[in-house]
>>> print(open('work.cif').read())   # mmCIF, C-alpha atoms
data_query
#
loop_
_atom_site.label_atom_id
_atom_site.label_comp_id
_atom_site.auth_asym_id
_atom_site.auth_seq_id
_atom_site.Cartn_x
_atom_site.Cartn_y
_atom_site.Cartn_z
CA MET A 1 99.76 -10.91 53.85
CA ASP A 2 99.35 -12.24 50.31
CA VAL A 3 95.67 -12.96 50.92
CA LEU A 4 95.02 -9.30 51.70
CA TRP A 5 96.09 -8.40 48.16
CA ILE A 6 93.37 -10.76 46.95
CA THR A 7 90.45 -9.87 49.23
CA LEU A 8 91.00 -6.16 49.90
CA PRO A 9 90.72 -5.07 46.22
CA ILE A 10 87.49 -7.05 46.00
CA PHE A 11 86.01 -5.38 49.04
CA GLY A 12 87.51 -2.16 47.66
CA LEU A 13 85.17 -2.38 44.67
CA VAL A 14 82.23 -2.73 47.05
CA ALA A 15 83.50 0.32 48.95
CA LEU A 16 83.93 2.21 45.67
CA GLY A 17 80.28 1.65 44.79
CA TRP A 18 79.23 2.64 48.31
CA ALA A 19 81.36 5.81 48.28
CA GLY A 20 80.14 6.78 44.81
CA ALA A 21 76.55 6.47 45.94
CA LYS A 22 77.17 8.49 49.09
CA ALA A 23 78.85 11.17 46.95
CA GLY A 24 75.77 11.36 44.73
CA LEU A 25 77.43 9.87 41.64
CA PHE A 26 75.22 6.76 41.68
CA ASP A 27 71.67 6.13 42.82
CA GLY A 28 69.22 3.28 43.15
CA ALA A 29 68.56 3.30 39.42
CA THR A 30 72.28 2.79 38.75
CA ALA A 31 72.37 -0.17 41.12
CA SER A 32 69.23 -1.62 39.57
CA GLY A 33 70.63 -1.35 36.05
CA LEU A 34 74.00 -2.85 37.00
CA SER A 35 72.33 -5.66 38.93
CA ARG A 36 70.04 -6.51 36.01
CA PHE A 37 73.03 -6.51 33.64
CA VAL A 38 74.95 -8.90 35.91
CA PHE A 39 71.94 -11.13 36.64
CA TRP A 40 70.64 -11.45 33.08
CA LEU A 41 73.83 -11.27 30.98
CA ALA A 42 77.22 -11.16 32.69
CA PHE A 43 76.93 -13.78 35.40
CA PRO A 44 75.04 -16.36 33.29
CA SER A 45 77.77 -15.93 30.64
CA LEU A 46 80.48 -16.48 33.25
CA LEU A 47 78.80 -19.64 34.53
CA LEU A 48 78.13 -20.94 31.04
CA THR A 49 81.72 -20.55 29.83
CA SER A 50 83.20 -21.79 33.13
CA MET A 51 81.15 -24.98 32.97
CA ALA A 52 81.63 -25.49 29.22
CA LYS A 53 85.44 -25.16 29.32
CA ALA A 54 86.04 -27.34 32.36
CA PRO A 55 86.56 -31.12 32.43
CA VAL A 56 83.39 -33.20 32.55
CA PRO A 57 82.26 -33.70 36.18
CA ASN A 58 82.92 -37.15 37.67
CA LEU A 59 81.45 -39.14 40.55
CA SER A 60 83.67 -37.45 43.13
CA HIS A 61 82.25 -34.11 42.02
CA GLY A 62 78.77 -35.46 42.70
CA SER A 63 79.60 -36.16 46.34
CA VAL A 64 81.09 -32.66 46.69
CA LEU A 65 77.89 -31.13 45.33
CA LEU A 66 75.77 -33.22 47.70
CA VAL A 67 77.82 -32.05 50.68
CA TRP A 68 77.54 -28.44 49.47
CA VAL A 69 73.74 -28.59 49.37
CA GLY A 70 73.51 -30.66 52.54
CA VAL A 71 75.61 -28.24 54.61
CA LEU A 72 73.64 -25.20 53.38
CA LEU A 73 70.38 -26.92 54.32
CA ALA A 74 71.88 -27.92 57.66
CA GLY A 75 72.88 -24.29 58.27
CA HIS A 76 69.33 -23.18 57.46
CA LEU A 77 67.87 -25.72 59.88
CA LEU A 78 70.47 -24.93 62.57
CA ALA A 79 69.54 -21.24 62.50
CA ARG A 80 65.84 -22.06 62.61
CA ILE A 81 66.20 -24.50 65.50
CA ALA A 82 68.36 -22.04 67.43
CA GLY A 83 65.77 -19.34 66.74
CA LEU A 84 63.06 -21.62 68.13
CA GLY A 85 65.18 -22.25 71.20
CA PHE A 86 65.66 -18.50 71.72
CA GLY A 87 61.90 -17.95 71.48
CA LEU A 88 61.96 -16.08 68.17
CA SER A 89 58.75 -15.66 66.20
CA LYS A 90 57.98 -17.87 63.19
CA VAL A 91 58.83 -14.96 60.87
CA SER A 92 62.18 -14.44 62.58
CA GLN A 93 62.94 -18.17 62.44
CA ALA A 94 62.28 -18.14 58.68
CA GLY A 95 64.34 -14.98 58.25
CA VAL A 96 67.39 -16.15 60.16
CA GLY A 97 67.28 -19.50 58.35
CA PHE A 98 67.24 -17.77 54.96
CA ALA A 99 69.94 -15.21 55.83
CA ALA A 100 72.19 -17.84 57.43
CA SER A 101 72.15 -20.17 54.43
CA SER A 102 71.98 -17.88 51.37
CA GLY A 103 75.27 -16.11 50.70
CA ASN A 104 76.59 -13.56 48.26
CA THR A 105 78.33 -16.31 46.32
CA ALA A 106 77.61 -14.81 42.91
CA PHE A 107 78.92 -11.25 43.16
CA LEU A 108 81.48 -11.66 45.96
CA GLY A 109 82.47 -15.31 46.30
CA THR A 110 83.23 -16.03 42.66
CA ALA A 111 85.35 -12.87 42.44
CA ILE A 112 87.59 -14.24 45.18
CA LEU A 113 87.72 -17.72 43.63
CA ALA A 114 88.65 -16.27 40.23
CA SER A 115 91.73 -14.75 41.88
CA LEU A 116 92.75 -18.03 43.49
CA PHE A 117 91.87 -20.96 41.25
CA GLY A 118 91.77 -22.24 37.70
CA PRO A 119 88.91 -23.20 35.37
CA GLU A 120 88.07 -26.58 36.93
CA VAL A 121 87.40 -25.04 40.35
CA LEU A 122 85.49 -22.15 38.77
CA ALA A 123 83.30 -24.67 36.97
CA MET A 124 82.45 -26.32 40.27
CA ALA A 125 81.82 -22.90 41.76
CA ALA A 126 79.34 -22.30 38.96
CA ALA A 127 77.58 -25.52 39.94
CA PHE A 128 77.62 -24.48 43.61
CA VAL A 129 76.02 -21.13 42.80
CA ALA A 130 73.42 -22.69 40.49
CA LEU A 131 72.37 -25.24 43.12
CA GLU A 132 72.16 -22.53 45.75
CA ASN A 133 69.90 -20.46 43.50
CA VAL A 134 67.68 -23.40 42.61
CA LEU A 135 67.34 -25.02 46.03
CA ILE A 136 68.49 -22.87 48.93
CA VAL A 137 67.12 -19.50 47.80
CA GLY A 138 63.80 -21.03 46.76
CA PHE A 139 63.55 -22.84 50.09
CA GLY A 140 64.36 -19.67 52.02
CA VAL A 141 61.90 -17.46 50.15
CA ALA A 142 59.15 -20.05 50.49
CA GLY A 143 59.78 -20.11 54.22
CA LEU A 144 59.19 -16.36 54.48
CA TYR A 145 55.83 -16.58 52.73
CA LEU A 146 54.71 -19.56 54.79
CA ALA A 147 55.72 -17.83 58.05
CA LYS A 148 53.59 -14.75 57.42
CA PRO A 149 50.63 -14.16 59.74
CA ALA A 150 48.47 -14.98 56.70
CA PRO A 151 50.52 -17.71 54.93
CA ASP A 152 50.78 -17.42 51.14
CA PRO A 153 51.24 -20.96 49.72
CA LYS A 154 50.93 -19.79 46.08
CA SER A 155 53.85 -17.37 46.43
CA ALA A 156 55.80 -20.04 48.27
CA ARG A 157 55.33 -22.47 45.36
CA ARG A 158 56.36 -19.81 42.85
CA ALA A 159 59.52 -19.16 44.87
CA MET A 160 60.42 -22.86 44.92
CA LEU A 161 59.93 -23.20 41.15
CA GLY A 162 61.49 -19.87 40.17
CA GLY A 163 65.02 -21.04 40.90
CA LEU A 164 64.80 -23.57 38.09
CA THR A 165 64.27 -20.99 35.36
CA ASN A 166 66.30 -17.96 36.45
CA PRO A 167 69.16 -16.96 34.10
CA VAL A 168 71.90 -17.84 36.61
CA SER A 169 70.73 -21.44 36.85
CA MET A 170 70.09 -21.68 33.12
CA GLY A 171 73.61 -20.41 32.30
CA ALA A 172 75.20 -23.10 34.45
CA LEU A 173 72.89 -25.78 33.05
CA ILE A 174 73.64 -24.88 29.43
CA GLY A 175 77.37 -24.87 30.17
CA LEU A 176 77.09 -28.32 31.79
CA LEU A 177 75.23 -29.70 28.77
CA ILE A 178 77.93 -28.34 26.46
CA ALA A 179 80.63 -30.00 28.58
CA LEU A 180 78.77 -33.32 28.67
CA THR A 181 78.15 -33.40 24.91
CA GLY A 182 81.63 -32.21 23.96
CA LEU A 183 80.28 -29.43 21.75
CA GLN A 184 82.63 -26.62 20.80
CA ILE A 185 81.33 -23.07 21.12
CA PRO A 186 82.20 -21.12 17.94
CA PRO A 187 84.84 -18.39 18.50
CA ALA A 188 82.40 -15.75 17.27
CA LEU A 189 80.14 -16.68 20.19
CA ILE A 190 82.69 -17.52 22.89
CA ARG A 191 84.45 -14.14 22.65
CA PRO A 192 81.40 -12.01 23.55
CA LEU A 193 80.47 -14.52 26.25
CA ASP A 194 83.98 -14.25 27.71
CA MET A 195 83.77 -10.45 27.61
CA LEU A 196 80.41 -10.47 29.40
CA GLY A 197 81.71 -12.96 31.95
CA ALA A 198 84.78 -10.82 32.67
CA ALA A 199 82.48 -7.93 33.56
CA ALA A 200 80.38 -9.97 35.99
CA SER A 201 82.48 -9.69 39.15
CA PRO A 202 83.54 -6.00 38.99
CA ALA A 203 80.08 -4.82 37.94
CA GLY A 204 78.42 -6.99 40.58
CA LEU A 205 80.72 -5.79 43.36
CA VAL A 206 80.21 -2.12 42.52
CA ALA A 207 76.45 -2.74 42.33
CA LEU A 208 76.56 -4.38 45.76
CA GLY A 209 78.21 -1.28 47.23
CA ILE A 210 75.61 1.01 45.64
CA VAL A 211 72.76 -1.16 46.92
CA MET A 212 74.18 -1.11 50.43
CA ALA A 213 74.40 2.68 50.31
CA THR A 214 71.02 3.39 48.72
CA SER A 215 68.65 0.49 49.26
CA LEU A 216 69.39 -0.91 52.71
CA PRO A 217 67.62 1.36 55.19
CA PRO A 218 68.64 1.55 58.84
CA ALA A 219 66.73 -1.20 60.62
CA GLN A 220 64.05 0.29 62.84
CA THR A 221 62.66 -2.87 64.42
CA GLN A 222 65.54 -5.30 64.14
CA SER A 223 65.93 -7.95 66.81
CA ARG A 224 69.38 -8.16 68.33
CA ARG A 225 68.94 -11.90 68.80
CA ASP A 226 68.04 -12.33 65.12
CA LEU A 227 71.18 -10.51 64.02
CA ASP A 228 73.50 -12.24 66.47
CA LEU A 229 72.20 -15.60 65.31
CA VAL A 230 72.62 -14.80 61.60
CA VAL A 231 76.20 -13.58 62.09
CA ALA A 232 77.13 -16.59 64.22
CA VAL A 233 75.76 -19.16 61.78
CA LYS A 234 76.52 -17.48 58.45
CA CYS A 235 80.00 -16.17 59.17
CA ILE A 236 81.34 -18.77 61.61
CA ALA A 237 79.33 -22.00 61.88
CA LEU A 238 78.52 -22.49 58.19
CA PRO A 239 82.10 -22.28 56.82
CA LEU A 240 83.31 -24.55 59.64
CA MET A 241 80.54 -27.03 58.84
CA MET A 242 81.43 -26.88 55.14
CA ALA A 243 85.12 -27.48 55.81
CA GLY A 244 84.23 -30.41 58.06
CA GLY A 245 81.83 -31.91 55.54
CA MET A 246 84.36 -31.69 52.72
CA ALA A 247 87.04 -33.25 54.92
CA LEU A 248 84.68 -36.07 55.86
CA ILE A 249 84.25 -37.17 52.22
CA GLY A 250 87.89 -36.54 51.33
CA ALA A 251 87.09 -33.86 48.78
CA PRO A 252 89.97 -32.55 46.64
CA ARG A 253 91.74 -29.76 48.52
CA ASP A 254 91.00 -26.97 46.02
CA LEU A 255 87.30 -27.85 45.84
CA ALA A 256 87.04 -28.08 49.63
CA ILE A 257 88.64 -24.67 50.06
CA ALA A 258 86.46 -23.15 47.32
CA ALA A 259 83.30 -24.49 48.97
CA THR A 260 84.45 -23.16 52.35
CA ILE A 261 85.14 -19.71 50.89
CA LEU A 262 81.70 -19.60 49.28
CA ALA A 263 80.08 -20.76 52.52
CA ALA A 264 81.85 -17.90 54.35
CA CYS A 265 80.30 -15.28 52.06
CA PRO A 266 77.96 -12.80 53.80
CA SER A 267 74.20 -12.95 53.53
CA ALA A 268 73.05 -12.13 50.02
CA VAL A 269 71.38 -8.81 49.20
CA ASN A 270 68.70 -11.01 47.66
CA VAL A 271 67.63 -11.93 51.22
CA PHE A 272 66.73 -8.29 51.86
CA ILE A 273 65.03 -7.93 48.47
CA GLN A 274 62.93 -11.06 48.94
CA ALA A 275 62.01 -10.10 52.51
CA GLN A 276 60.82 -6.72 51.23
CA GLN A 277 58.77 -8.46 48.56
CA ALA A 278 57.22 -10.76 51.16
CA GLU A 279 56.60 -7.74 53.44
CA VAL A 280 58.13 -9.48 56.47
CA TRP A 281 61.51 -9.18 58.25
CA GLY A 282 62.72 -6.53 55.77
CA ASP A 283 64.38 -4.12 58.20
CA THR A 284 66.21 -6.90 60.01
CA ALA A 285 67.28 -8.45 56.71
CA ALA A 286 68.82 -5.11 55.71
CA ARG A 287 70.92 -4.98 58.85
CA ALA A 288 71.83 -8.67 58.56
CA VAL A 289 73.25 -8.11 55.06
CA PHE A 290 75.26 -5.12 56.26
CA LEU A 291 76.62 -6.77 59.42
CA THR A 292 77.60 -10.06 57.78
CA THR A 293 79.33 -8.15 54.97
CA CYS A 294 81.39 -6.22 57.51
CA VAL A 295 82.29 -9.36 59.46
CA SER A 296 83.15 -11.23 56.26
CA VAL A 297 86.05 -8.87 55.60
CA VAL A 298 87.79 -10.90 58.31
CA THR A 299 86.18 -14.32 57.94
CA LEU A 300 86.43 -14.45 54.15
CA SER A 301 90.06 -13.38 54.30
CA LEU A 302 90.74 -16.19 56.77
CA ALA A 303 88.98 -18.70 54.52
CA ALA A 304 90.85 -17.43 51.45
CA SER A 305 94.16 -17.72 53.30
CA LEU A 306 93.75 -21.51 53.19
CA ALA A 307 94.42 -21.37 49.46
CA VAL A 308 97.53 -19.18 49.62
#
>>> encode(input="work.cif", output="structure tokens")
Amino acid sequence: MDVLWITLPIFGLVALGWAGAKAGLFDGATASGLSRFVFWLAFPSLLLTSMAKAPVPNLSHGSVLLVWVGVLLAGHLLARIAGLGFGLSKVSQAGVGFAASSGNTAFLGTAILASLFGPEVLAMAAAFVALENVLIVGFGVAGLYLAKPAPDPKSARRAMLGGLTNPVSMGALIGLLIALTGLQIPPALIRPLDMLGAAASPAGLVALGIVMATSLPPAQTQSRRDLDLVVAVKCIALPLMMAGGMALIGAPRDLAIAATILAACPSAVNVFIQAQQAEVWGDTAARAVFLTTCVSVVTLSLAASLAV
């Protein structure tokens, strides 16, 4: 029961944004503004301060990070291979791979971890999110462009490189450099960064609810097999694979649970946005984000219960 008091308020903020949008209080412009605030200011500040304040990573942390990336890539490939076996098109294979491996770790996952763990785990979570943005998202977006009927290698290359320079990745990188060098952030700077970081999760969760109410259209051409596959891999197989991978290397319990919780997060709204940009799989991506978010109310609560 304790875990419900952790996860339900978090999903409650998503529902609050959704209800406000349905009531006409918020619109797409509100969601866009909130999302830009979180992406450019609040979340990079949270990652920067989390990394900077935590103990310097050691060799055991390196193996945890390798397993994190390896399992996400394995989930991507698993979904693609299953899609090939089910006779899905190349576009659908790319879409299910992206949606099954890229989760809402930034807005949703870190909010849950902040309620469960201390600064050392949050610092690792920052590294998890940064690596996902640099490698997994870039890989997934590139796959969409390469799967198009007329492949677009230039856009695929831009997607792969873009993860290196986005503000989320840069915030985590700067925080890591501060931790490694032992520099002290002046109080006049750390206070506004802390204030911005504190706003990241609530603003991001409300923005997610608004986006789901205003920007995710009902899927008109979605494939049932695509959606079933995404839900099965993203919500069930991936967190089980992550838990198994962390157990295999003997990862510290808190880090293993944190990685499993992040792996259980639903497909990121960014999957829908990028699919719309690529002009492929957009309607199905919209429904995949919605369905995995609904399912994750149960699966994320189960994963979070491991820490209680």
>>> resolve_selection(input="work.cif", expression="the PyMOL selection byres ((chain A and resi 255-269) around 6)", output="list of chain:residue names")
A:Ala99, A:Ser102, A:Gly103, A:Asn104, A:Thr105, A:Gly109, A:Cys235, A:Pro239, A:Met242, A:Ala243, A:Met246, A:Ala251, A:Pro252, A:Arg253, A:Asp254, A:Asn270, A:Val271, A:Phe272, A:Val289, A:Thr292, A:Thr293, A:Ser296, A:Leu300, A:Ala303
>>> resolve_selection(input="work.cif", expression="the PyMOL selection byres ((chain A and resi 172) around 9)", output="list in words")
Pro44, Ser45, Leu46, Leu47, Leu48, Thr49, Ser50, Met51, Ala52, Ala123, Ala126, Ala127, Val129, Ala130, Pro167, Val168, Ser169, Met170, Gly171, Leu173, Ile174, Gly175, Leu176 and Leu177 of chain A
>>> resolve_selection(input="work.cif", expression="the PyMOL selection byres ((chain A and resi 68) around 9)", output="ChimeraX atom specification")
/A:63-67,69-73,128,131-132,242,245-246,259,263
>>> atom_distance(input="work.cif", atom1="atom CA of A:Ala207", atom2="atom CA of A:Ala21")
9.9 Å
>>> atom_distance(input="work.cif", atom1="atom CA of A:Pro153", atom2="atom CA of A:Ala286")
24.4 Å
>>> closest_residue(input="work.cif", among="A:Lys53, A:Lys148, A:Arg224, A:Lys154", to="A:Ala278", atoms="only C-alpha atoms")
A:Lys148
>>> closest_residue(input="work.cif", among="A:Ile81, A:Ala54, A:Val91, A:Ala15", to="A:Ala150", atoms="all atoms listed in the file")
A:Val91
>>> closest_residue(input="work.cif", among="A:Ala179, A:Ala42, A:Leu13, A:Gly118", to="A:Met195", atoms="all atoms listed in the file")
A:Ala42
>>> closest_residue(input="work.cif", among="A:Leu78, A:Ala304, A:Thr181, A:Gly28", to="A:Pro55", atoms="only C-alpha atoms")
A:Thr181
>>> atom_distance(input="work.cif", atom1="atom CA of A:Arg158", atom2="atom CA of A:Thr284")
23.6 Å
>>> residues_around(input="work.cif", residues="A:Gly83", least_positions_apart="4", cutoff="10 Å", atoms="only C-alpha atoms", output="number ranges by chain")
A: 77-79, 87-90, 92-97, 225-226, 229-230
>>> residues_near_point(input="work.cif", point="(63.0, -18.3, 50.6)", cutoff="9 Å", atoms="only C-alpha atoms", output="PDB file with C-alpha atoms, in the coordinates of the input")
ATOM      1  CA  ALA A  94      62.280 -18.140  58.680  1.00  0.00           C
ATOM      2  CA  GLY A  95      64.340 -14.980  58.250  1.00  0.00           C
ATOM      3  CA  GLY A  97      67.280 -19.500  58.350  1.00  0.00           C
ATOM      4  CA  PHE A  98      67.240 -17.770  54.960  1.00  0.00           C
ATOM      5  CA  ILE A 136      68.490 -22.870  48.930  1.00  0.00           C
ATOM      6  CA  VAL A 137      67.120 -19.500  47.800  1.00  0.00           C
ATOM      7  CA  GLY A 138      63.800 -21.030  46.760  1.00  0.00           C
ATOM      8  CA  PHE A 139      63.550 -22.840  50.090  1.00  0.00           C
ATOM      9  CA  GLY A 140      64.360 -19.670  52.020  1.00  0.00           C
ATOM     10  CA  VAL A 141      61.900 -17.460  50.150  1.00  0.00           C
ATOM     11  CA  ALA A 142      59.150 -20.050  50.490  1.00  0.00           C
ATOM     12  CA  GLY A 143      59.780 -20.110  54.220  1.00  0.00           C
ATOM     13  CA  LEU A 144      59.190 -16.360  54.480  1.00  0.00           C
ATOM     14  CA  TYR A 145      55.830 -16.580  52.730  1.00  0.00           C
ATOM     15  CA  ALA A 156      55.800 -20.040  48.270  1.00  0.00           C
ATOM     16  CA  ALA A 159      59.520 -19.160  44.870  1.00  0.00           C
ATOM     17  CA  MET A 160      60.420 -22.860  44.920  1.00  0.00           C
ATOM     18  CA  VAL A 271      67.630 -11.930  51.220  1.00  0.00           C
ATOM     19  CA  GLN A 274      62.930 -11.060  48.940  1.00  0.00           C
ATOM     20  CA  ALA A 275      62.010 -10.100  52.510  1.00  0.00           C
TER      21      ALA A 275
END
>>> residues_around(input="work.cif", residues="stretch 198-200 of chain A", least_positions_apart="4", cutoff="9 Å", atoms="only C-alpha atoms", output="ChimeraX atom specification")
/A:37-39,41-46,106-107,111,193-194,204-205
>>> closest_residue(input="work.cif", among="A:Ile10, A:Ser305, A:Val206, A:Ala232", to="A:Leu34", atoms="all atoms listed in the file")
A:Val206
